[in-house]
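*Asks:* Dropping in model.tsv, which is TSV, C-alpha atoms and all ligand atoms:
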chain	number	residue	atom	x	y	z
A	1	MET	CA	25.88	7.66	17.60
A	2	THR	CA	26.13	4.28	15.87
A	3	ILE	CA	23.73	3.59	13.06
A	4	GLU	CA	23.19	0.36	11.15
A	5	ILE	CA	21.28	-0.29	7.97
A	6	SER	CA	19.63	-3.62	7.29
A	7	THR	CA	16.58	-5.15	5.65
A	8	ALA	CA	13.28	-5.01	7.54
A	9	THR	CA	11.56	-8.13	8.82
A	10	ALA	CA	8.08	-8.63	10.23
A	11	ASP	CA	9.54	-7.98	13.69
A	12	ASP	CA	10.17	-4.37	12.61
A	13	ALA	CA	6.55	-3.63	11.67
A	14	ALA	CA	5.57	-1.72	14.83
A	15	ALA	CA	8.79	0.32	14.95
A	16	LEU	CA	8.49	1.14	11.24
A	17	ALA	CA	4.94	2.37	11.76
A	18	ALA	CA	6.08	4.53	14.68
A	19	CYS	CA	8.88	6.03	12.57
A	20	ALA	CA	6.56	6.55	9.59
A	21	ALA	CA	3.98	8.35	11.74
A	22	VAL	CA	6.50	11.04	12.67
A	23	THR	CA	8.42	11.26	9.39
A	24	PHE	CA	5.59	11.19	6.79
A	25	PRO	CA	4.23	14.60	7.93
A	26	LEU	CA	7.69	16.13	7.36
A	27	ALA	CA	7.31	15.46	3.63
A	28	CYS	CA	3.84	17.04	3.32
A	29	PRO	CA	3.27	20.61	2.10
A	30	ALA	CA	2.68	23.15	4.85
A	31	ASP	CA	-0.98	23.59	3.87
A	32	SER	CA	-1.83	19.85	3.99
A	33	ARG	CA	-4.89	19.09	6.10
A	34	PRO	CA	-3.99	17.26	9.35
A	35	GLU	CA	-6.93	14.88	8.87
A	36	ASP	CA	-5.65	13.88	5.40
A	37	ILE	CA	-2.18	13.21	6.82
A	38	ARG	CA	-3.64	11.18	9.69
A	39	GLN	CA	-5.83	9.19	7.31
A	40	HIS	CA	-2.87	8.43	5.03
A	41	ILE	CA	-0.78	7.23	7.98
A	42	GLU	CA	-3.59	5.02	9.30
A	43	THR	CA	-4.32	3.52	5.89
A	44	HIS	CA	-0.90	3.14	4.30
A	45	LEU	CA	1.65	3.23	7.13
A	46	SER	CA	0.17	1.05	9.88
A	47	ALA	CA	2.06	-1.80	11.57
A	48	GLU	CA	-0.28	-4.23	9.76
A	49	ARG	CA	0.61	-2.65	6.42
A	50	PHE	CA	4.35	-2.89	7.15
A	51	ALA	CA	3.97	-6.52	8.22
A	52	ALA	CA	2.44	-7.20	4.79
A	53	LEU	CA	4.98	-5.10	2.88
A	54	VAL	CA	8.02	-6.94	4.21
A	55	ASP	CA	6.72	-10.15	2.61
A	56	LEU	CA	5.45	-8.59	-0.62
A	57	PRO	CA	7.40	-9.83	-3.68
A	58	GLY	CA	9.40	-7.09	-5.40
A	59	HIS	CA	9.37	-4.84	-2.33
A	60	THR	CA	12.37	-4.32	-0.02
A	61	ILE	CA	12.44	-2.05	3.02
A	62	LEU	CA	15.75	-0.90	4.51
A	63	CYS	CA	15.83	0.28	8.13
A	64	LEU	CA	18.18	2.88	9.55
A	65	ARG	CA	18.68	1.53	13.06
A	66	GLU	CA	20.05	3.27	16.12
A	67	GLN	CA	19.93	2.21	19.75
A	68	GLY	CA	17.39	-0.51	19.15
A	69	GLY	CA	14.96	1.83	17.37
A	70	ILE	CA	14.27	2.80	13.76
A	71	ALA	CA	15.35	6.34	12.81
A	72	GLY	CA	14.60	6.09	9.10
A	73	TRP	CA	13.52	3.80	6.33
A	74	SER	CA	13.46	3.42	2.60
A	75	MET	CA	11.57	1.12	0.26
A	76	ILE	CA	12.36	0.06	-3.29
A	77	VAL	CA	9.81	-1.57	-5.58
A	78	LEU	CA	10.67	-3.62	-8.66
A	79	ASP	CA	7.18	-3.36	-10.23
A	80	GLN	CA	7.25	-1.22	-13.36
A	81	PRO	CA	5.42	2.13	-13.38
A	82	THR	CA	1.97	2.34	-14.98
A	83	ASP	CA	1.25	6.07	-14.43
A	84	ALA	CA	1.13	7.76	-17.85
A	85	ASP	CA	3.02	10.85	-16.64
A	86	VAL	CA	5.79	8.71	-15.17
A	87	LEU	CA	6.09	6.57	-18.30
A	88	ALA	CA	6.24	9.69	-20.48
A	89	ALA	CA	8.93	11.29	-18.32
A	90	LEU	CA	11.36	8.42	-17.83
A	91	SER	CA	14.07	7.80	-20.41
A	92	ILE	CA	15.33	4.57	-18.83
A	93	ALA	CA	13.58	1.19	-18.68
A	94	PRO	CA	13.14	-1.01	-16.80
A	95	VAL	CA	13.41	0.99	-13.59
A	96	VAL	CA	13.43	0.45	-9.86
A	97	GLU	CA	11.07	2.76	-7.95
A	98	LEU	CA	12.48	4.46	-4.87
A	99	SER	CA	9.04	4.45	-3.33
A	100	LYS	CA	9.78	5.68	0.21
A	101	PHE	CA	12.65	7.55	1.86
A	102	TYR	CA	12.24	9.03	5.34
A	103	VAL	CA	14.67	9.95	8.11
A	104	HIS	CA	13.79	11.21	11.59
A	105	ALA	CA	14.35	14.96	12.02
A	106	ASP	CA	16.92	14.32	14.79
A	107	HIS	CA	19.22	12.90	12.10
A	108	HIS	CA	18.74	15.48	9.35
A	109	GLY	CA	21.94	17.11	8.16
A	110	ARG	CA	24.12	14.55	9.92
A	111	GLY	CA	24.94	12.03	7.20
A	112	ALA	CA	22.47	9.32	8.22
A	113	ALA	CA	20.25	9.96	5.20
A	114	ALA	CA	23.31	9.80	2.91
A	115	ALA	CA	24.24	6.40	4.36
A	116	LEU	CA	20.68	5.16	3.85
A	117	MET	CA	20.68	6.47	0.27
A	118	THR	CA	23.99	4.74	-0.53
A	119	ALA	CA	22.62	1.43	0.77
A	120	THR	CA	19.34	1.95	-1.07
A	121	LEU	CA	21.03	2.72	-4.41
A	122	ASP	CA	23.30	-0.32	-3.94
A	123	LEU	CA	20.21	-2.45	-3.44
A	124	ALA	CA	18.55	-0.91	-6.50
A	125	ALA	CA	21.66	-1.57	-8.61
A	126	ALA	CA	21.75	-5.18	-7.42
A	127	SER	CA	18.40	-5.68	-9.17
A	128	GLY	CA	20.27	-5.39	-12.48
A	129	MET	CA	17.85	-2.73	-13.73
A	130	PRO	CA	19.52	0.22	-15.45
A	131	GLY	CA	17.66	3.04	-13.67
A	132	VAL	CA	15.85	4.25	-10.58
A	133	TRP	CA	13.06	6.83	-10.27
A	134	LEU	CA	11.05	8.57	-7.58
A	135	GLY	CA	8.33	11.17	-7.06
A	136	VAL	CA	8.83	14.06	-4.63
A	137	ASN	CA	6.51	16.90	-3.71
A	138	GLN	CA	7.45	20.05	-5.58
A	139	GLU	CA	7.42	22.05	-2.33
A	140	ASN	CA	9.81	19.65	-0.55
A	141	ALA	CA	12.92	21.74	-1.21
A	142	ARG	CA	15.10	19.89	1.29
A	143	ALA	CA	14.36	16.48	-0.22
A	144	LEU	CA	14.81	17.83	-3.75
A	145	ARG	CA	18.24	19.20	-2.89
A	146	PHE	CA	19.11	15.91	-1.14
A	147	TYR	CA	18.06	13.79	-4.12
A	148	GLU	CA	19.93	16.01	-6.55
A	149	LYS	CA	23.06	15.74	-4.38
A	150	HIS	CA	22.68	11.97	-4.71
A	151	GLY	CA	22.58	11.87	-8.48
A	152	PHE	CA	18.89	12.24	-9.36
A	153	GLY	CA	17.75	14.65	-12.06
A	154	ARG	CA	14.28	16.09	-12.72
A	155	VAL	CA	12.57	14.63	-15.77
A	156	GLY	CA	8.89	15.49	-15.35
A	157	THR	CA	5.89	16.08	-13.09
A	158	LYS	CA	3.01	14.01	-11.76
A	159	ARG	CA	0.22	14.29	-9.21
A	160	PHE	CA	-0.03	12.61	-5.81
A	161	ARG	CA	-3.35	12.18	-4.05
A	162	LEU	CA	-3.53	13.11	-0.35
A	163	GLY	CA	-7.10	12.94	0.92
A	164	ASP	CA	-9.40	14.56	-1.65
A	165	ARG	CA	-6.67	16.89	-2.95
A	166	PHE	CA	-3.96	16.38	-5.51
A	167	GLU	CA	-0.39	17.46	-4.74
A	168	ASP	CA	2.16	18.14	-7.45
A	169	ASP	CA	5.29	15.99	-7.54
A	170	PHE	CA	8.48	16.20	-9.56
A	171	ILE	CA	9.59	12.94	-11.19
A	172	LEU	CA	13.32	12.28	-10.74
A	173	GLN	CA	15.45	9.53	-12.26
A	174	GLN	CA	19.07	8.41	-12.40
A	175	ALA	CA	20.98	5.70	-14.22
A	176	LEU	CA	22.28	2.81	-12.13
A	177	PRO	CA	25.68	1.21	-12.64
A	178	THR	CA	25.30	-1.83	-14.84
A	179	ARG	CA	27.14	-5.01	-14.08
A	180	ALA	CA	29.45	-6.44	-16.70
A	181	ALA	CA	27.90	-9.50	-18.29
A	182	SER	CA	29.64	-12.65	-17.12
A	183	ALA	CA	31.72	-14.50	-19.69
A	184	ALA	CA	29.82	-17.23	-21.50
A	201	LIG	C1	14.86	14.25	2.67
A	201	LIG	C2	15.79	13.77	3.76
A	201	LIG	C3	15.94	12.27	3.72
A	201	LIG	C4	17.17	14.39	3.53
A	201	LIG	O1	18.02	14.07	4.60
A	201	LIG	P1	18.91	15.24	5.27
A	201	LIG	O2	19.81	14.65	6.30
A	201	LIG	O3	17.95	16.28	5.70
A	201	LIG	O4	19.74	15.70	3.97
A	201	LIG	P2	21.05	16.58	3.87
A	201	LIG	O5	21.19	17.48	5.06
A	201	LIG	O6	22.19	15.68	3.51
A	201	LIG	O7	20.73	17.43	2.56
A	201	LIG	C5	19.70	18.36	2.53
A	201	LIG	C6	20.11	19.52	1.66
A	201	LIG	O8	18.99	20.40	1.52
A	201	LIG	C7	19.38	21.70	1.93
A	201	LIG	N1	18.18	22.32	2.45
A	201	LIG	C8	17.67	22.25	3.69
A	201	LIG	N2	16.53	22.95	3.76
A	201	LIG	C9	16.32	23.47	2.53
A	201	LIG	C10	15.34	24.32	1.96
A	201	LIG	N3	14.29	24.73	2.68
A	201	LIG	N4	15.46	24.68	0.66
A	201	LIG	C11	16.50	24.23	-0.09
A	201	LIG	N5	17.47	23.43	0.40
A	201	LIG	C12	17.38	23.07	1.70
A	201	LIG	C13	20.48	21.50	2.93
A	201	LIG	O9	21.27	22.66	3.10
A	201	LIG	C14	21.23	20.36	2.26
A	201	LIG	O10	21.98	20.80	1.15
A	201	LIG	P3	23.57	21.06	1.24
A	201	LIG	O11	24.20	19.77	1.70
A	201	LIG	O12	23.95	21.45	-0.15
A	201	LIG	O13	23.78	22.15	2.25
A	201	LIG	C15	15.28	14.19	5.17
A	201	LIG	O14	15.31	15.60	5.27
A	201	LIG	C16	13.91	13.66	5.45
A	201	LIG	O15	13.73	12.52	5.82
A	201	LIG	N6	12.88	14.54	5.32
A	201	LIG	C17	11.52	14.21	5.69
A	201	LIG	C18	10.91	13.12	4.82
A	201	LIG	C19	10.98	13.46	3.35
A	201	LIG	O16	10.75	14.59	2.94
A	201	LIG	N7	11.27	12.43	2.55
A	201	LIG	C20	11.28	12.53	1.12
A	201	LIG	C21	9.96	12.09	0.63
A	201	LIG	S1	9.95	12.03	-1.17
Can you turn what I pasted into structure tokens?
*Replies:*
Amino acid sequence: MTIEISTATADDAAALAACAAVTFPLACPADSRPEDIRQHIETHLSAERFAALVDLPGHTILCLREQGGIAGWSMIVLDQPTDADVLAALSIAPVVELSKFYVHADHHGRGAAAALMTATLDLAAASGMPGVWLGVNQENARALRFYEKHGFGRVGTKRFRLGDRFEDDFILQQALPTRAASAA
């Protein structure tokens, strides 16, 4: 199966929302309430929201494309963290946030997520910032193992709100390759 990775445009908004609706629940703890998951998807992962995100400064979405559809997506954000727990945990600044990373279950364990991560880290490094961080639910063992395989290390914890409950996340970071300064 041929996959391609490229930056999202407004034309991708509906397909991104469809992908997000099936992949976001995979990242939620087993005891999450279905209504909280549904509400999160409707509020934060709608086609309208994606159409806005693709034009938002400092935000870049990469799409994992196969056979005309979207099988996964990632988003990096150049805004600096403001959460006190995140600021206390990170040892690198400034940092890129790996804000979203989701791959359809049909592609798990088949290298597609690795390809998307390589492209996402390349994009993060191109920002010139020396580090990248993310938050991942502490119960998401598969994602934790995946991130650690791709160079991230645990540096702290924070909380993530889903509905009226707080979930516990690990904070992960890694250094990005710095570019040699050009000769003056
Ligand atoms: C996280 C994700 C991108 C990883 O992609 P993937 O193709 O599944 O990743 P890989 O198969 O390369 O790596 C997963 C690793 O976790 C391991 N793993 C799988 N289930 C596991 C479990 N329950 N406990 C511990 N490790 C587990 C796998 O064996 C593999 O490790 P290995 O290569 O050393 O054998 C993908 O699973 C996904 O999109 N999940 C749903 C969305 C999500 O959780 N996103 C992260 C939000 S922060």
*Asks:* Counting all atoms listed in the file, what residues are within 9 Å of ligand LIG 201 (chain A), given as number ranges by chain?
*Replies:* A: 23-28, 72-73, 98-114, 116-117, 134-137, 139-149, 169
*Asks:* Would you pick out the contacts of Ile92 (chain A) at 9 Å or less, using all atoms listed in the file, so that residues sharing its chain but fewer than 4 positions from it are not included, and give the list as a list of chain:residue names?
*Replies:*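 The residues that qualify are A:Pro130, A:Gly131, A:Val132, A:Gln173, A:Gln174, A:Ala175.
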*Asks:* For the point (6.1, 5.6, -13.4) in file coordinates, what residues are within 10 Å, counting all atoms listed in the file? Give the answer as a PyMOL selection string?
*Replies:* chain A and resi 79-90+95-97+133-135+158+171
*Asks:* Grab the CA of Ala8 (chain A) to CA of Arg161 (chain A) distance for me, in Å with one decimal place.
*Replies:*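 The value is 26.6 Å.
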*Asks:* Rank nothing, just name the residue among A:Arg49, A:Ala71, A:Gln39, A:Pro29 nearest to Ala15 (chain A), using all atoms listed in the file.
*Replies:*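 Closest to Ala15 (chain A), using all atoms listed in the file: A:Ala71.
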*Asks:* Which residue gives the smallest distance to Ala14 (chain A) among A:Ala47, A:Ala126, A:Leu176, A:Ile37, with all atoms listed in the file counted?
*Replies:*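 Result for the nearest residue to Ala14 (chain A): A:Ala47.
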*Asks:* Please measure the separation of CA of Gly151 (chain A) and CA of Asp55 (chain A), giving the value in Å to one decimal.
*Replies:*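 CA of Gly151 (chain A) sits 29.3 Å away from CA of Asp55 (chain A).
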*Asks:* Which residues are near Gly163 (chain A)? Cut-off 10 Å, all atoms listed in the file, ignore same chain within fewer than 6 positions. Put them as JSON, numbers by chain.
*Replies:* {"A": [32, 33, 34, 35, 36, 37, 38, 39, 40]}
*Asks:* Name the residues, using the chain letters and numbers of the file, that sit within 8 Å of (18.0, 2.6, 1.4) when counting all atoms listed in the file, and give them as a ChimeraX atom specification.
*Replies:* /A:5,61-63,73-76,101,115-121,123
*Asks:* Which residue out of A:Ala30, A:Ala93, A:Ile41, A:Ile70 has the minimum interatomic distance to Glu167 (chain A) when all atoms listed in the file are used?
*Replies:*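 Of the candidates, the smallest distance to Glu167 (chain A) is held by A:Ala30.
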*Asks:* Tell me, in Å to one decimal, how far CA of Phe152 (chain A) is from CA of Leu172 (chain A).
*Replies:*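 Rounded to one decimal, the two atoms are 5.7 Å apart.
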*Asks:* Go through A:Arg159, A:Gln138, A:Ser91, A:Val77 one by one, measure the shortest atom-to-atom distance of each to Ala124 (chain A) using only C-alpha atoms, and give the residue with the smallest value.
*Replies:*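 Using only C-alpha atoms, the shortest distance to Ala124 (chain A) belongs to A:Val77.
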